[in-house]
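start.txt, holding compact mmCIF, C-alpha atoms:
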# COMPACT_ATOMS: atom_id res chain seq x y z
CA MET A 192 194.95 134.07 29.35
CA SER A 193 194.41 132.75 25.84
CA THR A 194 195.16 136.15 24.32
CA ALA A 195 198.33 136.51 26.37
CA TYR A 196 199.38 132.98 25.36
CA HIS A 197 199.11 133.70 21.62
CA THR A 198 200.73 137.13 21.99
CA PHE A 199 203.69 135.77 23.94
CA LEU A 200 204.17 132.95 21.43
CA LEU A 201 204.44 135.43 18.57
CA ILE A 202 206.81 137.65 20.55
CA GLU A 203 209.02 134.68 21.40
CA VAL A 204 209.27 133.65 17.74
CA PHE A 205 210.12 137.24 16.83
CA PHE A 206 212.77 137.36 19.56
CA ALA A 207 214.28 134.09 18.33
CA ILE A 208 214.81 135.53 14.85
CA ILE A 209 216.19 138.84 16.12
CA VAL A 210 218.46 137.27 18.75
CA PHE A 211 219.90 134.77 16.28
CA PHE A 212 221.20 137.51 13.99
CA ILE A 213 222.15 140.03 16.69
CA LEU A 214 224.35 137.55 18.56
CA PHE A 215 226.50 137.08 15.47
CA LYS A 216 227.26 140.81 15.65
CA VAL A 217 227.10 141.59 19.37
CA THR A 218 228.51 139.17 21.94
CA ALA A 219 226.53 138.88 25.17
CA PRO A 220 228.71 140.64 27.80
CA TYR A 221 229.20 138.03 30.52
CA GLY A 222 231.70 135.33 31.42
CA LYS A 223 234.80 135.49 29.24
CA PHE A 224 233.14 138.21 27.16
CA LEU A 225 232.40 140.56 30.05
CA ARG A 226 233.14 144.19 29.16
CA GLY A 227 232.18 147.67 30.20
CA GLY A 228 229.50 149.89 28.72
CA TRP A 229 226.50 147.79 29.76
CA GLY A 230 225.44 149.78 32.82
CA VAL A 231 224.96 148.68 36.41
CA THR A 232 226.10 145.18 37.35
CA MET A 233 225.42 142.70 40.13
CA LYS A 234 227.07 139.46 41.24
CA ALA A 235 226.50 136.77 38.65
CA LYS A 236 225.11 134.24 41.16
CA PHE A 237 222.32 136.61 42.19
CA GLY A 238 221.65 137.58 38.60
CA TRP A 239 221.17 133.93 37.61
CA MET A 240 218.84 133.26 40.54
CA ILE A 241 216.67 136.29 39.87
CA MET A 242 216.38 135.91 36.11
CA GLU A 243 215.71 132.16 36.08
CA SER A 244 213.13 132.17 38.89
CA PRO A 245 210.09 133.04 36.69
CA SER A 246 210.57 129.72 34.90
CA VAL A 247 210.10 127.92 38.21
CA ILE A 248 207.32 130.07 39.63
CA LEU A 249 205.06 130.16 36.58
CA MET A 250 205.30 126.45 35.78
CA VAL A 251 204.55 125.52 39.38
CA TYR A 252 201.64 128.00 39.37
CA PHE A 253 200.01 126.49 36.27
CA PHE A 254 200.65 122.98 37.59
CA ILE A 255 198.87 123.78 40.86
CA ILE A 256 195.84 125.57 39.38
CA SER A 257 195.33 122.70 36.91
CA ASP A 258 195.19 120.14 39.76
CA GLY A 259 198.34 118.60 38.36
CA TRP A 260 198.74 116.24 41.33
CA ASN A 261 195.81 114.24 39.95
CA ASP A 262 197.42 113.66 36.54
CA ILE A 263 200.49 111.42 36.21
CA ALA A 264 201.49 113.00 32.86
CA LYS A 265 201.46 116.49 34.39
CA ILE A 266 203.48 115.25 37.37
CA ILE A 267 206.11 113.88 35.03
CA PHE A 268 206.16 117.10 33.01
CA ILE A 269 206.64 119.33 36.04
CA LEU A 270 209.42 117.08 37.36
CA VAL A 271 211.16 117.13 33.99
CA TRP A 272 210.90 120.94 33.76
CA LEU A 273 212.09 121.49 37.32
CA SER A 274 214.97 119.02 36.93
CA HIS A 275 216.51 121.69 34.73
CA TYR A 276 215.16 124.94 36.15
CA PHE A 277 215.33 124.21 39.87
CA HIS A 278 218.98 123.32 39.35
CA ARG A 279 219.59 126.33 37.09
CA THR A 280 217.95 128.73 39.58
CA PHE A 281 219.11 127.50 42.98
CA ILE A 282 222.18 125.30 42.45
CA TYR A 283 223.97 126.28 39.25
CA PRO A 284 224.59 129.93 40.28
CA PHE A 285 226.72 128.76 43.20
CA THR A 286 228.77 126.23 41.23
CA ILE A 287 230.04 128.40 38.37
CA SER A 288 233.54 129.85 38.65
CA SER A 289 232.21 133.29 37.70
CA LYS A 290 229.59 133.41 40.48
CA ASN A 291 231.11 136.52 42.03
CA LYS A 292 231.94 138.27 38.77
CA PRO A 293 229.88 141.27 37.62
CA TYR A 294 226.79 140.55 35.55
CA PRO A 295 224.93 143.34 33.73
CA VAL A 296 221.55 144.13 35.31
CA LEU A 297 220.27 144.94 31.82
CA LEU A 298 220.75 141.31 30.79
CA VAL A 299 218.98 140.17 33.95
CA ILE A 300 215.97 142.33 33.03
CA PHE A 301 215.89 140.95 29.48
CA ALA A 302 216.09 137.40 30.80
CA ILE A 303 213.32 137.97 33.36
CA PHE A 304 211.03 139.15 30.56
CA PHE A 305 211.86 136.16 28.37
CA ASN A 306 211.53 133.60 31.18
CA PHE A 307 208.21 135.10 32.21
CA MET A 308 206.88 134.76 28.65
CA ASN A 309 208.33 131.31 28.15
CA GLY A 310 207.17 130.01 31.52
CA PHE A 311 203.71 131.41 30.82
CA VAL A 312 203.24 129.85 27.36
CA ASN A 313 204.65 126.47 28.36
CA GLY A 314 202.77 126.35 31.65
CA TYR A 315 199.51 127.50 30.10
CA GLU A 316 199.60 125.08 27.17
CA VAL A 317 201.00 121.98 28.87
CA PHE A 318 199.12 122.23 32.17
CA HIS A 319 195.99 124.18 31.27
CA GLN A 320 195.20 123.86 27.58
CA ASN A 321 196.42 120.42 26.47
CA PHE A 322 194.97 117.09 27.55
CA TYR A 323 197.22 114.05 27.95
CA SER A 324 195.51 110.71 28.47
CA GLY A 325 197.18 107.81 30.23
CA GLU A 326 197.96 106.36 26.81
CA TRP A 327 200.18 109.33 26.05
CA LEU A 328 202.79 107.94 28.45
CA THR A 329 203.27 104.93 26.18
CA SER A 330 203.20 106.92 22.93
CA MET A 331 206.24 107.30 20.69
CA PRO A 332 206.46 111.11 21.10
CA PHE A 333 206.48 110.85 24.90
CA ILE A 334 208.99 107.99 25.08
CA SER A 335 211.35 109.38 22.46
CA GLY A 336 211.00 112.89 23.85
CA ILE A 337 211.88 111.97 27.41
CA VAL A 338 214.86 109.90 26.21
CA ILE A 339 216.08 112.88 24.17
CA PHE A 340 215.55 115.22 27.13
CA ILE A 341 217.52 112.97 29.50
CA THR A 342 220.32 112.68 26.94
CA GLY A 343 220.54 116.45 26.57
CA TYR A 344 220.26 116.97 30.32
CA SER A 345 223.15 114.56 30.95
CA ILE A 346 225.35 116.29 28.37
CA ASN A 347 224.48 119.74 29.73
CA LYS A 348 225.07 118.93 33.37
CA ASN A 349 228.26 116.91 32.77
CA SER A 350 229.68 119.77 30.71
CA ASP A 351 228.71 122.31 33.39
CA TYR A 352 230.43 120.06 35.96
CA ILE A 353 233.63 120.01 33.90
CA LEU A 354 233.60 123.79 33.46
CA ALA A 355 232.91 124.39 37.15
CA ARG A 356 235.96 122.32 38.12
CA LEU A 357 238.23 123.61 35.40
CA LYS A 358 241.57 124.68 36.84
CA ARG A 359 242.51 128.16 35.75
CA GLY A 360 246.01 129.31 34.94
CA ARG A 361 248.08 130.64 37.81
CA ASP A 362 247.09 134.16 36.85
CA GLY A 363 243.40 133.23 36.75
CA SER A 364 243.37 133.08 32.95
CA TYR A 365 241.17 130.71 30.94
CA VAL A 366 242.43 127.30 29.88
CA ILE A 367 241.25 124.76 27.30
CA PRO A 368 238.46 122.51 28.66
CA HIS A 369 238.85 118.75 28.27
CA GLY A 370 236.67 115.75 28.99
CA GLY A 371 233.20 114.61 27.99
CA LEU A 372 231.92 116.11 24.75
CA PHE A 373 234.57 118.83 24.92
CA LYS A 374 236.56 116.31 22.89
CA TRP A 375 234.35 117.12 19.90
CA VAL A 376 232.82 120.57 20.46
CA SER A 377 233.73 123.81 22.19
CA SER A 378 230.32 124.29 23.86
CA PRO A 379 228.79 120.91 24.73
CA HIS A 380 226.78 122.55 27.52
CA TYR A 381 224.93 124.55 24.87
CA PHE A 382 224.58 121.49 22.65
CA GLY A 383 223.06 119.56 25.55
CA GLU A 384 220.60 122.32 26.38
CA ILE A 385 219.38 122.50 22.78
CA ILE A 386 218.80 118.74 22.84
CA GLU A 387 216.99 119.02 26.18
CA TRP A 388 214.34 121.40 24.92
CA MET A 389 213.91 119.51 21.66
CA GLY A 390 213.07 116.55 23.89
CA TRP A 391 210.61 118.67 25.89
CA ALA A 392 208.90 119.82 22.68
CA ILE A 393 208.54 116.23 21.48
CA MET A 394 207.37 114.72 24.77
CA THR A 395 204.73 117.43 25.32
CA TRP A 396 204.01 117.85 21.60
CA SER A 397 203.22 121.48 22.29
CA ILE A 398 203.54 124.62 20.19
CA ALA A 399 205.11 126.41 23.15
CA GLY A 400 207.65 123.61 23.49
CA TRP A 401 208.69 123.87 19.84
CA VAL A 402 208.93 127.66 20.05
CA PHE A 403 211.14 127.31 23.14
CA ALA A 404 213.35 124.80 21.32
CA LEU A 405 213.64 127.25 18.42
CA PHE A 406 214.59 130.11 20.73
CA THR A 407 217.13 127.95 22.58
CA PHE A 408 218.89 127.15 19.31
CA ALA A 409 218.72 130.77 18.12
CA ASN A 410 220.15 131.98 21.43
CA LEU A 411 222.88 129.39 22.02
CA ALA A 412 224.19 128.49 18.55
CA PRO A 413 225.65 131.97 17.85
CA ARG A 414 227.18 132.05 21.33
CA ALA A 415 228.81 128.69 20.72
CA ILE A 416 230.28 129.87 17.43
CA THR A 417 231.63 133.03 19.10
CA ALA A 418 233.18 130.98 21.91
CA HIS A 419 234.73 128.59 19.38
CA LYS A 420 236.36 131.47 17.53
CA TRP A 421 237.60 132.94 20.82
CA TYR A 422 239.27 129.66 21.83
CA LYS A 423 240.96 129.32 18.43
CA GLU A 424 242.19 132.90 18.54
CA ASN A 425 243.54 132.66 22.09
CA PHE A 426 245.04 129.16 22.07
CA GLY A 427 247.48 128.20 19.34
CA ASP A 428 247.25 124.54 20.38
CA TYR A 429 243.44 124.39 20.34
CA PRO A 430 242.30 120.97 19.05
CA GLU A 431 241.62 121.18 15.30
CA GLU A 432 239.04 118.39 15.39
CA ARG A 433 236.66 120.33 17.63
CA LYS A 434 233.61 121.94 16.12
CA ALA A 435 231.64 124.81 17.67
CA ILE A 436 228.46 123.08 18.86
CA ILE A 437 227.49 119.99 16.80
CA PRO A 438 230.04 117.15 16.73
CA TYR A 439 231.65 116.62 13.29
CA LEU A 440 229.32 119.15 11.64
CA TRP A 441 229.32 122.73 12.97

Please, can you express the file's structure as structure tokens?
Amino acid sequence: MSTAYHTFLLIEVFFAIIVFFILFKVTAPYGKFLRGGWGVTMKAKFGWMIMESPSVILMVYFFIISDGWNDIAKIIFILVWLSHYFHRTFIYPFTISSKNKPYPVLLVIFAIFFNFMNGFVNGYEVFHQNFYSGEWLTSMPFISGIVIFITGYSINKNSDYILARLKRGRDGSYVIPHGGLFKWVSSPHYFGEIIEWMGWAIMTWSIAGWVFALFTFANLAPRAITAHKWYKENFGDYPEERKAIIPYLW
């Protein structure tokens, strides 16, 4: 397992670098950017469930084999992880407005591979390799990390809630989102998710956590910039004060 752990870490770092630059050139073909030429598709809700499930399965697996129930720190870590991924796997797919839209199977396969790697390295390091004493729960990294995670989680879920209840135009066309952090950025759901996994990296103080935070930024920042440009190009009255992903900055 140790060899697989180090190999997957290196691959994930490599993917983060590649994905960051590719997504500035090629827009991921789903949601408002859905287009042909990407092969077989499936309903988005099933695609989300299938591709996110490795993140749940592998973390629960490593938690169980490490006797996690006997360690309060590990219990907190698994609850924190599942607060995002259980929702993302089993609830989120049925709340999005695009749940019945086509989703490329090729993207599902890519995501399964990534989530398998990421679930493996985080589960292995946090639940199998690292040791967290009771004192860790009162340490500055743990306290600050969990506060940051909760902040990001709240931003992410509130933004998803706003998008899920966004009223489309009469012809089903997209409209400008309002409310919450949409006042300042075009993609607060991405901003919140980046903050979440920074919090996870800090609270677990793990290499895998920091690599995941890096990949999350590399994956979501270019998408946010693309979405921001799309809104500005398609809505002449789009709020000038909004940034792409980081309030007042970017």

Report as CSV the residues of segment 363-416 of chain A within 12 Å of segment 304-326 of chain A, each with its shortest atom pair and distance in Å (one decimal), using all atoms listed in the file, ordered by chain and increasing residue number.
residue,atom,partner,partner_atom,distance
A:Trp388,CA,A:Asn313,CA,11.5
A:Trp391,CA,A:Asn313,CA,10.1
A:Ala392,CA,A:Asn313,CA,9.7
A:Met394,CA,A:Val317,CA,10.5
A:Thr395,CA,A:Val317,CA,6.9
A:Trp396,CA,A:Val317,CA,8.9
A:Ser397,CA,A:Val317,CA,7.0
A:Ile398,CA,A:Glu316,CA,8.0
A:Ala399,CA,A:Asn313,CA,5.2
A:Gly400,CA,A:Asn313,CA,6.4
A:Trp401,CA,A:Asn313,CA,9.8
A:Val402,CA,A:Asn309,CA,8.9
A:Phe403,CA,A:Asn309,CA,7.0
A:Ala404,CA,A:Asn309,CA,10.7
A:Leu405,CA,A:Asn309,CA,11.8
A:Phe406,CA,A:Asn309,CA,9.8
A:Thr407,CA,A:Asn309,CA,10.9
A:Asn410,CA,A:Phe305,CA,11.6

What is the atom CA of Lys423 of chain A-atom CA of Ser377 of chain A distance in Å, reported with one decimal?
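Distance between the two atoms: 9.8 Å.
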
Who sits within 7 Å of Phe333 of chain A, all atoms listed in the file, same chain under 4 positions skipped, as a PyMOL selection string
chain A and resi 327-329+337+393-395

Distance atom CA of Leu297 of chain A-atom CA of Lys223 of chain A, one decimal place?
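According to the coordinates, atom CA of Leu297 of chain A and atom CA of Lys223 of chain A are separated by 17.5 Å.
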
Expected residue set, 10 Å radius at (232.5, 135.4, 17.1), all atoms listed in the file, as a JSON list (two decimals) with C-alpha atoms, in the frame of the given file:
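To be explicit, this is the file written out as point_30.json:
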[["chain", "number", "residue", "atom", "x", "y", "z"],
["A", 214, "LEU", "CA", 224.35, 137.55, 18.56],
["A", 215, "PHE", "CA", 226.50, 137.08, 15.47],
["A", 216, "LYS", "CA", 227.26, 140.81, 15.65],
["A", 217, "VAL", "CA", 227.10, 141.59, 19.37],
["A", 218, "THR", "CA", 228.51, 139.17, 21.94],
["A", 413, "PRO", "CA", 225.65, 131.97, 17.85],
["A", 414, "ARG", "CA", 227.18, 132.05, 21.33],
["A", 415, "ALA", "CA", 228.81, 128.69, 20.72],
["A", 416, "ILE", "CA", 230.28, 129.87, 17.43],
["A", 417, "THR", "CA", 231.63, 133.03, 19.10],
["A", 418, "ALA", "CA", 233.18, 130.98, 21.91],
["A", 419, "HIS", "CA", 234.73, 128.59, 19.38],
["A", 420, "LYS", "CA", 236.36, 131.47, 17.53],
["A", 421, "TRP", "CA", 237.60, 132.94, 20.82]]

Quick one: of A:Trp229, A:Phe373, A:Phe211, A:Tyr344, who's nearest to Gly390 of chain A, counting all atoms listed in the file?
A:Tyr344

Just want the 9 Å neighbourhood of segment 381-383 of chain A, counted on all atoms listed in the file, with same-chain residues fewer than 2 positions away dropped. Output as a PDB file with C-alpha atoms, in the frame of the given file.
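The result, stored in part23.pdb:
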ATOM      1  CA  PHE A 340     215.550 115.220  27.130  1.00  0.00           C
ATOM      2  CA  THR A 342     220.320 112.680  26.940  1.00  0.00           C
ATOM      3  CA  GLY A 343     220.540 116.450  26.570  1.00  0.00           C
ATOM      4  CA  TYR A 344     220.260 116.970  30.320  1.00  0.00           C
ATOM      5  CA  SER A 345     223.150 114.560  30.950  1.00  0.00           C
ATOM      6  CA  ILE A 346     225.350 116.290  28.370  1.00  0.00           C
ATOM      7  CA  ASN A 347     224.480 119.740  29.730  1.00  0.00           C
ATOM      8  CA  LYS A 348     225.070 118.930  33.370  1.00  0.00           C
ATOM      9  CA  SER A 350     229.680 119.770  30.710  1.00  0.00           C
ATOM     10  CA  VAL A 376     232.820 120.570  20.460  1.00  0.00           C
ATOM     11  CA  SER A 378     230.320 124.290  23.860  1.00  0.00           C
ATOM     12  CA  PRO A 379     228.790 120.910  24.730  1.00  0.00           C
ATOM     13  CA  ILE A 385     219.380 122.500  22.780  1.00  0.00           C
ATOM     14  CA  ILE A 386     218.800 118.740  22.840  1.00  0.00           C
ATOM     15  CA  GLU A 387     216.990 119.020  26.180  1.00  0.00           C
ATOM     16  CA  TRP A 388     214.340 121.400  24.920  1.00  0.00           C
ATOM     17  CA  THR A 407     217.130 127.950  22.580  1.00  0.00           C
ATOM     18  CA  PHE A 408     218.890 127.150  19.310  1.00  0.00           C
ATOM     19  CA  LEU A 411     222.880 129.390  22.020  1.00  0.00           C
ATOM     20  CA  ALA A 412     224.190 128.490  18.550  1.00  0.00           C
ATOM     21  CA  ARG A 414     227.180 132.050  21.330  1.00  0.00           C
ATOM     22  CA  ALA A 415     228.810 128.690  20.720  1.00  0.00           C
ATOM     23  CA  ILE A 436     228.460 123.080  18.860  1.00  0.00           C
ATOM     24  CA  ILE A 437     227.490 119.990  16.800  1.00  0.00           C
TER      25      ILE A 437
END

Top pick for closest residue to Leu372 of chain A, considering A:Met389, A:Ile334, A:Ala435, A:Leu200 and counting only C-alpha atoms
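That would be A:Ala435, the residue with the smallest distance to Leu372 of chain A.
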
Using Å and a single decimal, report how far atom CA of Phe224 of chain A sits from atom CA of Gly238 of chain A.
16.2 Å

Selection near Phe426 of chain A, 10 Å with only C-alpha atoms, sequence-local residues under 5 positions removed, as a PyMOL selection string:
chain A and resi 365-367+421

Could you give me the centre and size, in Å to one decimal, of an axis-aligned box around all listed atoms of segment 194-203 of chain A with 6 Å added on every side, as JSON?
{"center_x": 202.1, "center_y": 135.3, "center_z": 22.5, "size_x": 25.9, "size_y": 16.7, "size_z": 19.8}

Under the rule that only C-alpha atoms are counted, which of A:Ile263, A:Ala409, A:Arg279, A:Ala302 is the nearest residue to Phe212 of chain A?
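Smallest separation from Phe212 of chain A among the options: A:Ala409.
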
Name the closest residue to Phe206 of chain A among the candidates A:Asp262, A:Tyr283, A:Phe301, A:Ser257; distances are taken between atoms, counting all atoms listed in the file.
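Nearest to Phe206 of chain A: A:Phe301.
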
Point out the residue among A:Trp375, A:Trp239, A:Tyr252, A:Tyr352 with the least atom-to-atom distance to Arg433 of chain A, counting all atoms listed in the file.
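The answer is A:Trp375, which sits nearest to Arg433 of chain A.
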
Select, from A:Gly227, A:Tyr429, A:Ser274, A:Glu203, the residue with the minimum atom-to-atom distance to Ile341 of chain A, counting all atoms listed in the file.
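Smallest separation from Ile341 of chain A among the options: A:Ser274.
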